[in-house]
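*Asks:* Structure below; questions to follow.
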Amino acid sequence: QLQLVESGGGLVQPGGSLRLSCKSREFTLGYYAVGWFRQAPGKEREGVSCISDSGTRTKYANAVKGRFTISRDNAKNTVYLQMNSLKPEDTAIYYCATCYIMGADTPVDVSADFDSWGQGPQVTVSS
């Protein structure tokens, strides 16, 4: 069962930046499309971004387009989420999971067979 470990959250002022990392200790992430998801207090978990196994295709939720960048380094078995121009509404717990990369204009969805959600780092955007 694929288990992923996220890191890199924190407290940042509006307009600031953070970078999240997602790794697997046991599995080769290069075989999977991997994405980022977030859950704000009182809200459902939502898809943020997804990157293909090779890194050649990406997709983003409209709320983060132009501000967030997903990337991966398969040699380091790591997927990243660079978050710039952060807004208070980006405050949430962020998780990584396998995702569906097909459908450029469709929402970022978690893979149907993924069910090993980690703890996820807290990202708080506040002045």
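Ordered as shown in the structure tokens, chains take letters A, B, and onward, while each chain numbers its residues from 1 and ligands are numbered from 1 in the order shown.
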At most 10 Å is the cut-off: for each residue in range 79-122 of chain A with any atom that close to an atom of range 44-51 of chain A, write down the nearest atom pair and the distance in Å rounded to one decimal, counting only C-alpha atoms, chain first then increasing number, as JSON lines.
*Replies:*
```
{"residue": "A:Val79", "atom": "CA", "partner": "A:Ile51", "partner_atom": "CA", "distance": 8.5}
{"residue": "A:Tyr80", "atom": "CA", "partner": "A:Ile51", "partner_atom": "CA", "distance": 9.8}
{"residue": "A:Leu81", "atom": "CA", "partner": "A:Ser49", "partner_atom": "CA", "distance": 8.4}
{"residue": "A:Ala92", "atom": "CA", "partner": "A:Arg45", "partner_atom": "CA", "distance": 9.3}
{"residue": "A:Ile93", "atom": "CA", "partner": "A:Arg45", "partner_atom": "CA", "distance": 9.1}
{"residue": "A:Tyr94", "atom": "CA", "partner": "A:Val48", "partner_atom": "CA", "distance": 9.1}
{"residue": "A:Tyr95", "atom": "CA", "partner": "A:Arg45", "partner_atom": "CA", "distance": 9.3}
{"residue": "A:Cys96", "atom": "CA", "partner": "A:Cys50", "partner_atom": "CA", "distance": 9.3}
{"residue": "A:Ala97", "atom": "CA", "partner": "A:Cys50", "partner_atom": "CA", "distance": 9.1}
{"residue": "A:Thr98", "atom": "CA", "partner": "A:Cys50", "partner_atom": "CA", "distance": 8.2}
{"residue": "A:Cys99", "atom": "CA", "partner": "A:Cys50", "partner_atom": "CA", "distance": 6.2}
{"residue": "A:Tyr100", "atom": "CA", "partner": "A:Cys50", "partner_atom": "CA", "distance": 7.2}
{"residue": "A:Ile101", "atom": "CA", "partner": "A:Cys50", "partner_atom": "CA", "distance": 6.1}
{"residue": "A:Met102", "atom": "CA", "partner": "A:Cys50", "partner_atom": "CA", "distance": 9.6}
{"residue": "A:Pro107", "atom": "CA", "partner": "A:Gly47", "partner_atom": "CA", "distance": 6.9}
{"residue": "A:Val108", "atom": "CA", "partner": "A:Gly47", "partner_atom": "CA", "distance": 4.6}
{"residue": "A:Asp109", "atom": "CA", "partner": "A:Gly47", "partner_atom": "CA", "distance": 5.9}
{"residue": "A:Val110", "atom": "CA", "partner": "A:Gly47", "partner_atom": "CA", "distance": 7.4}
```
*Asks:* Could you tell me, as a compact mmCIF listing (two decimals) with N, CA, C and O atoms, in the first residue's frame, which residues of range 1-124 of chain A DSSP assigns to helix (DSSP H, G or I) when given the backbone?
*Replies:*
```
# COMPACT_ATOMS: atom_id res chain seq x y z
N LEU A 29 8.09 6.61 -6.68
CA LEU A 29 7.05 7.56 -7.07
C LEU A 29 7.01 7.80 -8.57
O LEU A 29 5.99 8.24 -9.10
N GLY A 30 8.10 7.54 -9.26
CA GLY A 30 8.16 7.75 -10.69
C GLY A 30 7.19 6.92 -11.48
O GLY A 30 6.98 7.16 -12.67
N TYR A 31 6.56 5.93 -10.86
CA TYR A 31 5.55 5.11 -11.54
C TYR A 31 4.16 5.73 -11.48
O TYR A 31 3.24 5.23 -12.12
N PRO A 88 -4.78 34.20 2.49
CA PRO A 88 -5.38 33.57 3.68
C PRO A 88 -6.27 32.37 3.33
O PRO A 88 -6.33 31.40 4.10
N GLU A 89 -6.92 32.40 2.19
CA GLU A 89 -7.79 31.29 1.80
C GLU A 89 -7.02 30.04 1.40
O GLU A 89 -7.61 28.99 1.15
N ASP A 90 -5.69 30.13 1.32
CA ASP A 90 -4.87 28.94 1.09
C ASP A 90 -4.59 28.18 2.38
O ASP A 90 -4.00 27.10 2.35
```
*Asks:* Please list as a ChimeraX atom specification every residue within 12 Å of range 65-76 of chain A, counting only C-alpha atoms and excluding residues in the same chain fewer than 4 positions away.
*Replies:* /A:15-25,27-37,48-61,80-87,90,96
*Asks:* Using CA of Ser116 in chain A and CA of Gly10 in chain A as the two end points, give the distance in Å to one decimal.
*Replies:* 22.6 Å
*Asks:* Determine the nearest neighbour of Thr91 in chain A from the options A:Val12, A:Val125, A:Leu4, A:Val64, counting only C-alpha atoms.
*Replies:*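 Nearest to Thr91 in chain A: A:Val125.
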*Asks:* Give the answer as one residue: which of A:Gly8, A:Gln39, A:Gly103, A:Pro14 has the shortest atom-to-atom distance to Trp117 in chain A, using only C-alpha atoms?
*Replies:*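 Distance minimum relative to Trp117 in chain A lands on A:Gln39.
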*Asks:* From a backbone DSSP assignment, name each residue in range 34-83 of chain A labelled strand (DSSP E), as a short mmCIF file (atom, residue, chain, number, x, y, z; two decimals) with N, CA, C and O atoms, in the first residue's frame.
*Replies:*
```
data_model
loop_
_atom_site.label_atom_id
_atom_site.label_comp_id
_atom_site.auth_asym_id
_atom_site.auth_seq_id
_atom_site.Cartn_x
_atom_site.Cartn_y
_atom_site.Cartn_z
N VAL A 34 1.22 12.03 -9.25
CA VAL A 34 1.09 12.42 -7.84
C VAL A 34 0.55 13.84 -7.75
O VAL A 34 0.92 14.71 -8.55
N GLY A 35 -0.32 14.05 -6.81
CA GLY A 35 -0.91 15.37 -6.69
C GLY A 35 -0.98 15.86 -5.25
O GLY A 35 -0.66 15.14 -4.31
N TRP A 36 -1.39 17.11 -5.14
CA TRP A 36 -1.58 17.74 -3.84
C TRP A 36 -3.05 18.06 -3.63
O TRP A 36 -3.74 18.50 -4.56
N PHE A 37 -3.48 17.86 -2.40
CA PHE A 37 -4.85 18.11 -2.00
C PHE A 37 -4.81 18.90 -0.71
O PHE A 37 -3.81 18.89 0.00
N ARG A 38 -5.89 19.60 -0.40
CA ARG A 38 -5.91 20.37 0.84
C ARG A 38 -7.29 20.35 1.46
O ARG A 38 -8.29 20.17 0.76
N GLN A 39 -7.29 20.52 2.77
CA GLN A 39 -8.56 20.59 3.49
C GLN A 39 -8.49 21.71 4.51
O GLN A 39 -7.66 21.68 5.42
N GLU A 46 -10.06 19.20 -1.15
CA GLU A 46 -10.14 19.56 -2.56
C GLU A 46 -8.79 19.32 -3.23
O GLU A 46 -7.73 19.41 -2.61
N GLY A 47 -8.85 19.05 -4.53
CA GLY A 47 -7.63 18.86 -5.30
C GLY A 47 -6.98 20.18 -5.65
O GLY A 47 -7.68 21.15 -5.99
N VAL A 48 -5.68 20.24 -5.56
CA VAL A 48 -4.92 21.45 -5.84
C VAL A 48 -4.14 21.33 -7.15
O VAL A 48 -4.20 22.21 -8.01
N SER A 49 -3.42 20.23 -7.30
CA SER A 49 -2.56 20.08 -8.48
C SER A 49 -2.18 18.62 -8.65
O SER A 49 -2.20 17.85 -7.69
N CYS A 50 -1.83 18.26 -9.88
CA CYS A 50 -1.44 16.89 -10.19
C CYS A 50 -0.33 16.94 -11.23
O CYS A 50 -0.35 17.81 -12.12
N ILE A 51 0.63 16.01 -11.14
CA ILE A 51 1.72 15.95 -12.11
C ILE A 51 1.85 14.50 -12.59
O ILE A 51 1.72 13.56 -11.80
N THR A 58 0.95 18.65 -16.24
CA THR A 58 0.46 19.12 -14.94
C THR A 58 -0.95 19.67 -15.09
O THR A 58 -1.38 20.02 -16.19
N LYS A 59 -1.64 19.74 -13.98
CA LYS A 59 -2.94 20.39 -13.95
C LYS A 59 -3.11 21.04 -12.59
O LYS A 59 -2.53 20.59 -11.60
N TYR A 60 -3.93 22.12 -12.58
CA TYR A 60 -4.10 22.90 -11.37
C TYR A 60 -5.57 23.26 -11.17
O TYR A 60 -6.31 23.46 -12.13
N PHE A 68 0.79 28.60 -7.82
CA PHE A 68 1.40 27.36 -7.35
C PHE A 68 2.05 26.65 -8.54
O PHE A 68 1.54 26.69 -9.66
N THR A 69 3.14 25.96 -8.26
CA THR A 69 3.82 25.16 -9.28
C THR A 69 4.16 23.79 -8.71
O THR A 69 4.82 23.69 -7.68
N ILE A 70 3.70 22.76 -9.40
CA ILE A 70 4.02 21.40 -8.99
C ILE A 70 5.19 20.90 -9.84
O ILE A 70 5.31 21.23 -11.03
N SER A 71 6.07 20.16 -9.22
CA SER A 71 7.22 19.62 -9.94
C SER A 71 7.63 18.31 -9.26
O SER A 71 7.13 17.97 -8.19
N ARG A 72 8.55 17.62 -9.91
CA ARG A 72 9.01 16.37 -9.30
C ARG A 72 10.45 16.11 -9.67
O ARG A 72 10.93 16.55 -10.73
N ASP A 73 11.13 15.39 -8.80
CA ASP A 73 12.49 14.93 -9.05
C ASP A 73 12.47 13.43 -8.79
O ASP A 73 12.56 13.00 -7.63
N THR A 78 10.73 12.42 -5.08
CA THR A 78 10.06 13.51 -4.39
C THR A 78 9.23 14.34 -5.36
O THR A 78 9.65 14.58 -6.49
N VAL A 79 8.05 14.74 -4.89
CA VAL A 79 7.19 15.67 -5.60
C VAL A 79 7.08 16.93 -4.76
O VAL A 79 6.94 16.85 -3.54
N TYR A 80 7.12 18.07 -5.41
CA TYR A 80 7.11 19.35 -4.72
C TYR A 80 5.88 20.17 -5.10
O TYR A 80 5.31 20.02 -6.17
N LEU A 81 5.52 21.08 -4.20
CA LEU A 81 4.52 22.10 -4.50
C LEU A 81 5.09 23.44 -4.05
O LEU A 81 5.20 23.69 -2.85
N GLN A 82 5.47 24.26 -5.01
CA GLN A 82 5.93 25.61 -4.71
C GLN A 82 4.73 26.53 -4.69
O GLN A 82 4.00 26.64 -5.68
N MET A 83 4.51 27.18 -3.57
CA MET A 83 3.34 28.03 -3.38
C MET A 83 3.80 29.47 -3.21
O MET A 83 4.49 29.79 -2.23
#
```
